[in-house]
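Pasted below: input25.cif, mmCIF, N, CA and C atoms.
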data_work
loop_
_atom_site.label_atom_id
_atom_site.label_comp_id
_atom_site.auth_asym_id
_atom_site.auth_seq_id
_atom_site.Cartn_x
_atom_site.Cartn_y
_atom_site.Cartn_z
N MET A 1 22.29 29.51 -1.34
CA MET A 1 21.07 28.76 -1.28
C MET A 1 20.86 28.31 0.16
N ASN A 2 19.69 28.59 0.69
CA ASN A 2 19.37 28.19 2.05
C ASN A 2 18.85 26.76 2.06
N VAL A 3 19.43 25.95 2.91
CA VAL A 3 19.00 24.56 3.05
C VAL A 3 18.17 24.46 4.32
N VAL A 4 16.95 24.00 4.18
CA VAL A 4 16.07 23.86 5.33
C VAL A 4 16.20 22.44 5.85
N LYS A 5 16.61 22.31 7.09
CA LYS A 5 16.74 21.00 7.71
C LYS A 5 15.43 20.65 8.39
N PRO A 6 14.94 19.42 8.17
CA PRO A 6 13.68 19.05 8.82
C PRO A 6 13.88 18.92 10.33
N ARG A 7 12.91 19.45 11.06
CA ARG A 7 12.96 19.33 12.51
C ARG A 7 12.21 18.07 12.93
N ILE A 8 12.73 17.42 13.94
CA ILE A 8 12.05 16.26 14.50
C ILE A 8 11.18 16.77 15.63
N THR A 9 9.87 16.75 15.39
CA THR A 9 8.94 17.25 16.39
C THR A 9 8.43 16.09 17.24
N GLY A 10 7.68 16.42 18.26
CA GLY A 10 7.15 15.41 19.15
C GLY A 10 6.21 14.45 18.45
N SER A 11 5.38 14.97 17.53
CA SER A 11 4.44 14.09 16.84
C SER A 11 5.17 13.14 15.90
N ARG A 12 6.25 13.60 15.29
CA ARG A 12 7.03 12.70 14.43
C ARG A 12 7.68 11.61 15.25
N CYS A 13 8.17 11.95 16.44
CA CYS A 13 8.77 10.94 17.32
C CYS A 13 7.73 9.92 17.74
N ILE A 14 6.52 10.38 18.04
CA ILE A 14 5.45 9.46 18.44
C ILE A 14 5.10 8.53 17.28
N HIS A 15 4.99 9.08 16.08
CA HIS A 15 4.70 8.24 14.91
C HIS A 15 5.80 7.22 14.67
N LEU A 16 7.04 7.65 14.81
CA LEU A 16 8.16 6.74 14.63
C LEU A 16 8.14 5.63 15.67
N CYS A 17 7.88 5.99 16.91
CA CYS A 17 7.81 4.97 17.98
C CYS A 17 6.67 4.00 17.73
N CYS A 18 5.55 4.49 17.24
CA CYS A 18 4.42 3.60 16.93
C CYS A 18 4.78 2.63 15.81
N LEU A 19 5.45 3.14 14.78
CA LEU A 19 5.84 2.27 13.67
C LEU A 19 6.83 1.21 14.12
N VAL A 20 7.78 1.59 14.97
CA VAL A 20 8.76 0.63 15.47
C VAL A 20 8.08 -0.40 16.35
N SER A 21 7.15 0.04 17.19
CA SER A 21 6.47 -0.91 18.08
C SER A 21 5.60 -1.87 17.30
N LEU A 22 5.08 -1.46 16.14
CA LEU A 22 4.29 -2.37 15.33
C LEU A 22 5.12 -3.53 14.81
N GLN A 23 6.40 -3.31 14.65
CA GLN A 23 7.26 -4.38 14.16
C GLN A 23 7.36 -5.53 15.15
N PHE A 24 7.10 -5.26 16.42
CA PHE A 24 7.17 -6.31 17.42
C PHE A 24 5.87 -7.10 17.53
N CYS A 25 4.87 -6.71 16.78
CA CYS A 25 3.58 -7.41 16.79
C CYS A 25 3.49 -8.33 15.57
N VAL A 26 4.49 -9.13 15.36
CA VAL A 26 4.56 -9.96 14.16
C VAL A 26 3.45 -11.00 14.13
N HIS A 27 3.10 -11.54 15.30
CA HIS A 27 2.07 -12.57 15.31
C HIS A 27 0.71 -12.03 14.90
N HIS A 28 0.50 -10.74 14.93
CA HIS A 28 -0.76 -10.15 14.49
C HIS A 28 -0.71 -9.72 13.03
N ALA A 29 0.41 -9.87 12.38
CA ALA A 29 0.55 -9.39 11.01
C ALA A 29 -0.34 -10.16 10.04
N ASN A 30 -0.61 -11.42 10.32
CA ASN A 30 -1.44 -12.22 9.44
C ASN A 30 -2.88 -12.33 9.93
N ALA A 31 -3.32 -11.41 10.76
CA ALA A 31 -4.66 -11.49 11.33
C ALA A 31 -5.75 -11.36 10.27
N HIS A 32 -5.46 -10.70 9.17
CA HIS A 32 -6.48 -10.54 8.14
C HIS A 32 -6.80 -11.85 7.44
N GLU A 33 -5.93 -12.85 7.53
CA GLU A 33 -6.20 -14.13 6.89
C GLU A 33 -7.46 -14.78 7.45
N THR A 34 -7.70 -14.61 8.73
CA THR A 34 -8.86 -15.26 9.34
C THR A 34 -10.16 -14.63 8.88
N TRP A 35 -10.12 -13.46 8.26
CA TRP A 35 -11.33 -12.85 7.74
C TRP A 35 -11.81 -13.57 6.49
N VAL A 36 -10.88 -14.11 5.71
CA VAL A 36 -11.27 -14.69 4.43
C VAL A 36 -11.00 -16.19 4.34
N LEU A 37 -10.22 -16.75 5.24
CA LEU A 37 -9.88 -18.17 5.18
C LEU A 37 -10.28 -18.87 6.46
N THR A 38 -10.63 -20.14 6.32
CA THR A 38 -10.89 -20.97 7.49
C THR A 38 -9.54 -21.44 8.05
N PRO A 39 -9.49 -21.90 9.31
CA PRO A 39 -8.22 -22.40 9.86
C PRO A 39 -7.62 -23.55 9.04
N GLU A 40 -8.48 -24.40 8.48
CA GLU A 40 -7.96 -25.50 7.64
C GLU A 40 -7.30 -24.96 6.38
N GLN A 41 -7.90 -23.95 5.78
CA GLN A 41 -7.31 -23.36 4.58
C GLN A 41 -5.98 -22.68 4.90
N ILE A 42 -5.90 -22.03 6.05
CA ILE A 42 -4.65 -21.38 6.45
C ILE A 42 -3.56 -22.42 6.63
N GLU A 43 -3.87 -23.53 7.29
CA GLU A 43 -2.88 -24.61 7.46
C GLU A 43 -2.46 -25.19 6.12
N TYR A 44 -3.43 -25.36 5.22
CA TYR A 44 -3.13 -25.93 3.90
C TYR A 44 -2.17 -25.03 3.13
N PHE A 45 -2.49 -23.73 3.07
CA PHE A 45 -1.65 -22.81 2.32
C PHE A 45 -0.29 -22.62 2.96
N ASN A 46 -0.21 -22.70 4.29
CA ASN A 46 1.08 -22.59 4.96
C ASN A 46 1.94 -23.83 4.75
N SER A 47 1.31 -24.97 4.46
CA SER A 47 2.08 -26.19 4.24
C SER A 47 2.66 -26.27 2.83
N LEU A 48 2.12 -25.49 1.91
CA LEU A 48 2.63 -25.50 0.54
C LEU A 48 3.99 -24.81 0.48
N PRO A 49 4.86 -25.23 -0.44
CA PRO A 49 6.16 -24.55 -0.57
C PRO A 49 5.96 -23.13 -1.11
N LYS A 50 6.84 -22.26 -0.69
CA LYS A 50 6.77 -20.88 -1.15
C LYS A 50 7.17 -20.81 -2.63
N PRO A 51 6.55 -19.91 -3.39
CA PRO A 51 6.89 -19.78 -4.82
C PRO A 51 8.35 -19.38 -5.01
N SER A 52 8.91 -19.84 -6.09
CA SER A 52 10.32 -19.55 -6.37
C SER A 52 10.55 -18.05 -6.61
N LEU A 53 9.51 -17.33 -7.00
CA LEU A 53 9.64 -15.90 -7.22
C LEU A 53 10.07 -15.19 -5.95
N TYR A 54 9.65 -15.70 -4.77
CA TYR A 54 9.98 -15.07 -3.50
C TYR A 54 11.21 -15.67 -2.83
N THR A 55 11.68 -16.80 -3.29
CA THR A 55 12.78 -17.46 -2.59
C THR A 55 14.08 -17.51 -3.39
N GLU A 56 14.04 -17.20 -4.68
CA GLU A 56 15.24 -17.29 -5.52
C GLU A 56 15.44 -15.99 -6.28
N LEU A 57 16.69 -15.69 -6.58
CA LEU A 57 17.01 -14.52 -7.39
C LEU A 57 16.94 -14.91 -8.86
N SER A 58 16.15 -14.18 -9.63
CA SER A 58 15.97 -14.50 -11.05
C SER A 58 15.85 -13.22 -11.86
N ILE A 59 15.74 -13.39 -13.16
CA ILE A 59 15.57 -12.25 -14.06
C ILE A 59 14.25 -11.55 -13.77
N THR A 60 13.21 -12.33 -13.45
CA THR A 60 11.91 -11.74 -13.13
C THR A 60 11.99 -10.84 -11.91
N ASN A 61 12.67 -11.33 -10.86
CA ASN A 61 12.84 -10.52 -9.65
C ASN A 61 13.58 -9.22 -9.96
N LEU A 62 14.66 -9.33 -10.72
CA LEU A 62 15.43 -8.14 -11.06
C LEU A 62 14.62 -7.17 -11.90
N ALA A 63 13.79 -7.68 -12.80
CA ALA A 63 12.96 -6.80 -13.62
C ALA A 63 11.92 -6.08 -12.76
N ILE A 64 11.32 -6.78 -11.81
CA ILE A 64 10.32 -6.16 -10.94
C ILE A 64 10.97 -5.08 -10.09
N VAL A 65 12.09 -5.39 -9.47
CA VAL A 65 12.76 -4.42 -8.60
C VAL A 65 13.28 -3.24 -9.42
N SER A 66 13.83 -3.51 -10.60
CA SER A 66 14.36 -2.43 -11.44
C SER A 66 13.25 -1.50 -11.90
N SER A 67 12.11 -2.06 -12.32
CA SER A 67 11.02 -1.20 -12.76
C SER A 67 10.47 -0.37 -11.60
N PHE A 68 10.42 -0.94 -10.41
CA PHE A 68 9.98 -0.18 -9.25
C PHE A 68 10.95 0.95 -8.94
N LEU A 69 12.24 0.68 -8.99
CA LEU A 69 13.23 1.72 -8.72
C LEU A 69 13.18 2.84 -9.75
N ILE A 70 12.99 2.47 -11.02
CA ILE A 70 12.87 3.49 -12.07
C ILE A 70 11.64 4.35 -11.81
N PHE A 71 10.53 3.73 -11.42
CA PHE A 71 9.32 4.48 -11.11
C PHE A 71 9.56 5.44 -9.95
N ILE A 72 10.19 4.96 -8.88
CA ILE A 72 10.43 5.79 -7.71
C ILE A 72 11.37 6.95 -8.05
N LEU A 73 12.43 6.67 -8.80
CA LEU A 73 13.35 7.74 -9.19
C LEU A 73 12.66 8.77 -10.07
N GLY A 74 11.80 8.31 -10.98
CA GLY A 74 11.03 9.25 -11.80
C GLY A 74 10.08 10.09 -10.97
N TRP A 75 9.45 9.46 -9.97
CA TRP A 75 8.54 10.18 -9.09
C TRP A 75 9.28 11.27 -8.29
N ILE A 76 10.47 10.91 -7.79
CA ILE A 76 11.28 11.88 -7.04
C ILE A 76 11.72 13.02 -7.95
N ARG A 77 12.16 12.69 -9.15
CA ARG A 77 12.59 13.73 -10.09
C ARG A 77 11.44 14.64 -10.46
N LEU A 78 10.25 14.06 -10.64
CA LEU A 78 9.07 14.86 -10.94
C LEU A 78 8.77 15.82 -9.79
N GLY A 79 8.99 15.36 -8.56
CA GLY A 79 8.78 16.24 -7.41
C GLY A 79 9.77 17.39 -7.38
N PHE A 80 11.01 17.14 -7.79
CA PHE A 80 12.01 18.20 -7.78
C PHE A 80 11.82 19.17 -8.93
N THR A 81 11.43 18.67 -10.10
CA THR A 81 11.27 19.57 -11.25
C THR A 81 9.96 20.32 -11.18
N GLY A 82 9.00 19.79 -10.46
CA GLY A 82 7.74 20.47 -10.33
C GLY A 82 6.70 19.95 -11.30
N ALA A 83 5.76 19.20 -10.79
CA ALA A 83 4.72 18.62 -11.64
C ALA A 83 3.78 19.69 -12.17
N ARG A 84 3.65 20.81 -11.45
CA ARG A 84 2.73 21.86 -11.89
C ARG A 84 3.24 22.52 -13.17
N GLU A 85 4.56 22.63 -13.31
CA GLU A 85 5.09 23.22 -14.53
C GLU A 85 4.98 22.25 -15.70
N LEU A 86 5.14 20.96 -15.43
CA LEU A 86 5.08 19.99 -16.51
C LEU A 86 3.65 19.69 -16.94
N PHE A 87 2.73 19.69 -15.99
CA PHE A 87 1.33 19.39 -16.27
C PHE A 87 0.45 20.51 -15.72
N PRO A 88 0.39 21.65 -16.40
CA PRO A 88 -0.33 22.80 -15.84
C PRO A 88 -1.83 22.58 -15.72
N ASP A 89 -2.44 21.83 -16.61
CA ASP A 89 -3.89 21.65 -16.58
C ASP A 89 -4.32 20.53 -15.63
N LEU A 90 -3.39 19.72 -15.21
CA LEU A 90 -3.75 18.59 -14.37
C LEU A 90 -4.31 19.03 -13.03
N GLN A 91 -3.72 20.04 -12.42
CA GLN A 91 -4.17 20.51 -11.11
C GLN A 91 -5.61 21.01 -11.18
N ALA A 92 -5.93 21.76 -12.21
CA ALA A 92 -7.29 22.29 -12.36
C ALA A 92 -8.28 21.17 -12.63
N ARG A 93 -7.88 20.21 -13.45
CA ARG A 93 -8.79 19.10 -13.76
C ARG A 93 -9.06 18.25 -12.54
N LEU A 94 -8.01 17.96 -11.73
CA LEU A 94 -8.21 17.19 -10.52
C LEU A 94 -9.07 17.95 -9.51
N ALA A 95 -8.90 19.26 -9.43
CA ALA A 95 -9.71 20.05 -8.52
C ALA A 95 -11.17 20.05 -8.94
N SER A 96 -11.45 19.96 -10.23
CA SER A 96 -12.84 19.95 -10.69
C SER A 96 -13.55 18.64 -10.33
N TYR A 97 -12.80 17.57 -10.07
CA TYR A 97 -13.40 16.29 -9.67
C TYR A 97 -13.59 16.19 -8.17
N GLY A 98 -13.23 17.24 -7.42
CA GLY A 98 -13.25 17.19 -5.97
C GLY A 98 -14.59 16.86 -5.36
N GLU A 99 -15.69 17.27 -6.01
CA GLU A 99 -17.01 17.02 -5.45
C GLU A 99 -17.40 15.54 -5.53
N HIS A 100 -16.74 14.78 -6.37
CA HIS A 100 -17.08 13.36 -6.52
C HIS A 100 -16.35 12.46 -5.53
N VAL A 101 -15.29 12.95 -4.92
CA VAL A 101 -14.46 12.12 -4.05
C VAL A 101 -15.25 11.54 -2.87
N PRO A 102 -16.01 12.34 -2.11
CA PRO A 102 -16.76 11.75 -0.99
C PRO A 102 -17.75 10.68 -1.44
N ARG A 103 -18.39 10.91 -2.57
CA ARG A 103 -19.35 9.93 -3.10
C ARG A 103 -18.65 8.62 -3.46
N ILE A 104 -17.51 8.71 -4.10
CA ILE A 104 -16.76 7.51 -4.49
C ILE A 104 -16.28 6.76 -3.26
N LEU A 105 -15.79 7.49 -2.26
CA LEU A 105 -15.34 6.84 -1.03
C LEU A 105 -16.49 6.13 -0.33
N ARG A 106 -17.68 6.74 -0.31
CA ARG A 106 -18.83 6.09 0.32
C ARG A 106 -19.22 4.82 -0.42
N VAL A 107 -19.21 4.85 -1.74
CA VAL A 107 -19.55 3.66 -2.52
C VAL A 107 -18.54 2.55 -2.27
N CYS A 108 -17.27 2.88 -2.24
CA CYS A 108 -16.24 1.87 -2.01
C CYS A 108 -16.34 1.28 -0.60
N LEU A 109 -16.59 2.11 0.38
CA LEU A 109 -16.76 1.62 1.75
C LEU A 109 -17.99 0.74 1.86
N ALA A 110 -19.09 1.16 1.24
CA ALA A 110 -20.30 0.35 1.28
C ALA A 110 -20.08 -1.00 0.60
N TRP A 111 -19.38 -0.99 -0.54
CA TRP A 111 -19.11 -2.25 -1.23
C TRP A 111 -18.25 -3.17 -0.37
N MET A 112 -17.25 -2.61 0.29
CA MET A 112 -16.39 -3.43 1.14
C MET A 112 -17.19 -4.04 2.29
N LEU A 113 -18.05 -3.25 2.93
CA LEU A 113 -18.84 -3.77 4.04
C LEU A 113 -19.85 -4.82 3.58
N ILE A 114 -20.52 -4.57 2.47
CA ILE A 114 -21.47 -5.55 1.93
C ILE A 114 -20.74 -6.84 1.57
N HIS A 115 -19.58 -6.71 0.98
CA HIS A 115 -18.79 -7.87 0.59
C HIS A 115 -18.40 -8.69 1.81
N GLN A 116 -17.99 -8.04 2.88
CA GLN A 116 -17.61 -8.76 4.10
C GLN A 116 -18.81 -9.40 4.78
N LEU A 117 -19.92 -8.69 4.83
CA LEU A 117 -21.08 -9.21 5.54
C LEU A 117 -21.78 -10.33 4.77
N SER A 118 -21.70 -10.32 3.46
CA SER A 118 -22.42 -11.32 2.67
C SER A 118 -21.70 -12.66 2.60
N GLY A 119 -20.43 -12.70 2.92
CA GLY A 119 -19.70 -13.96 2.86
C GLY A 119 -19.19 -14.30 1.48
N TRP A 120 -19.22 -13.35 0.55
CA TRP A 120 -18.70 -13.61 -0.79
C TRP A 120 -17.21 -13.79 -0.80
N ASN A 121 -16.57 -13.47 0.31
CA ASN A 121 -15.11 -13.54 0.36
C ASN A 121 -14.61 -14.92 0.71
N ARG A 122 -15.46 -15.89 0.99
CA ARG A 122 -15.01 -17.24 1.33
C ARG A 122 -14.58 -17.95 0.06
N VAL A 123 -13.35 -18.45 0.07
CA VAL A 123 -12.81 -19.15 -1.09
C VAL A 123 -12.71 -20.63 -0.74
N PRO A 124 -13.43 -21.49 -1.48
CA PRO A 124 -13.33 -22.92 -1.17
C PRO A 124 -11.98 -23.48 -1.59
N VAL A 125 -11.51 -24.47 -0.85
CA VAL A 125 -10.23 -25.11 -1.16
C VAL A 125 -10.46 -26.26 -2.13
#
Entire entry expressed as structure tokens:
Amino acid sequence: MNVVKPRITGSRCIHLCCLVSLQFCVHHANAHETWVLTPEQIEYFNSLPKPSLYTELSITNLAIVSSFLIFILGWIRLGFTGARELFPDLQARLASYGEHVPRILRVCLAWMLIHQLSGWNRVPV
């Protein structure tokens, strides 16, 4: 059996360097908050204690992580076994919806822009 080793090309190195450099821009990670919250709301929410779901180990945390791992392992196994063999009609059905994709993307983009411009995203405290 021939094993194909992935080559590290120049574009992959550039993408990797970009991803690593983004990690150093931590102060910009929360920049999207200012789109939907006022500075007072940001200070208020930052002053609240963090939920126990994010700060303590519990059964809920383990259930969330376990279900995610099961999903990922199933996804990987599906990739190795071949989704086309398991779901032969799915590929044809998805291809038949191809003409609707640009229309759906335009509607979603328009809705997002209208939502941002109209100010419906402001949440009162």
Would you compute the distance between CA of Ser58 (chain A) and CA of Ile70 (chain A)? Give it in Å to one decimal.
18.3 Å
Could you tell me how far CA of Thr34 (chain A) lies from atom C of Ser47 (chain A), in Å and to one decimal?
17.2 Å
For atom N of Leu37 (chain A) and CA of Leu117 (chain A), quote the distance in Å rounded to one decimal.
13.2 Å
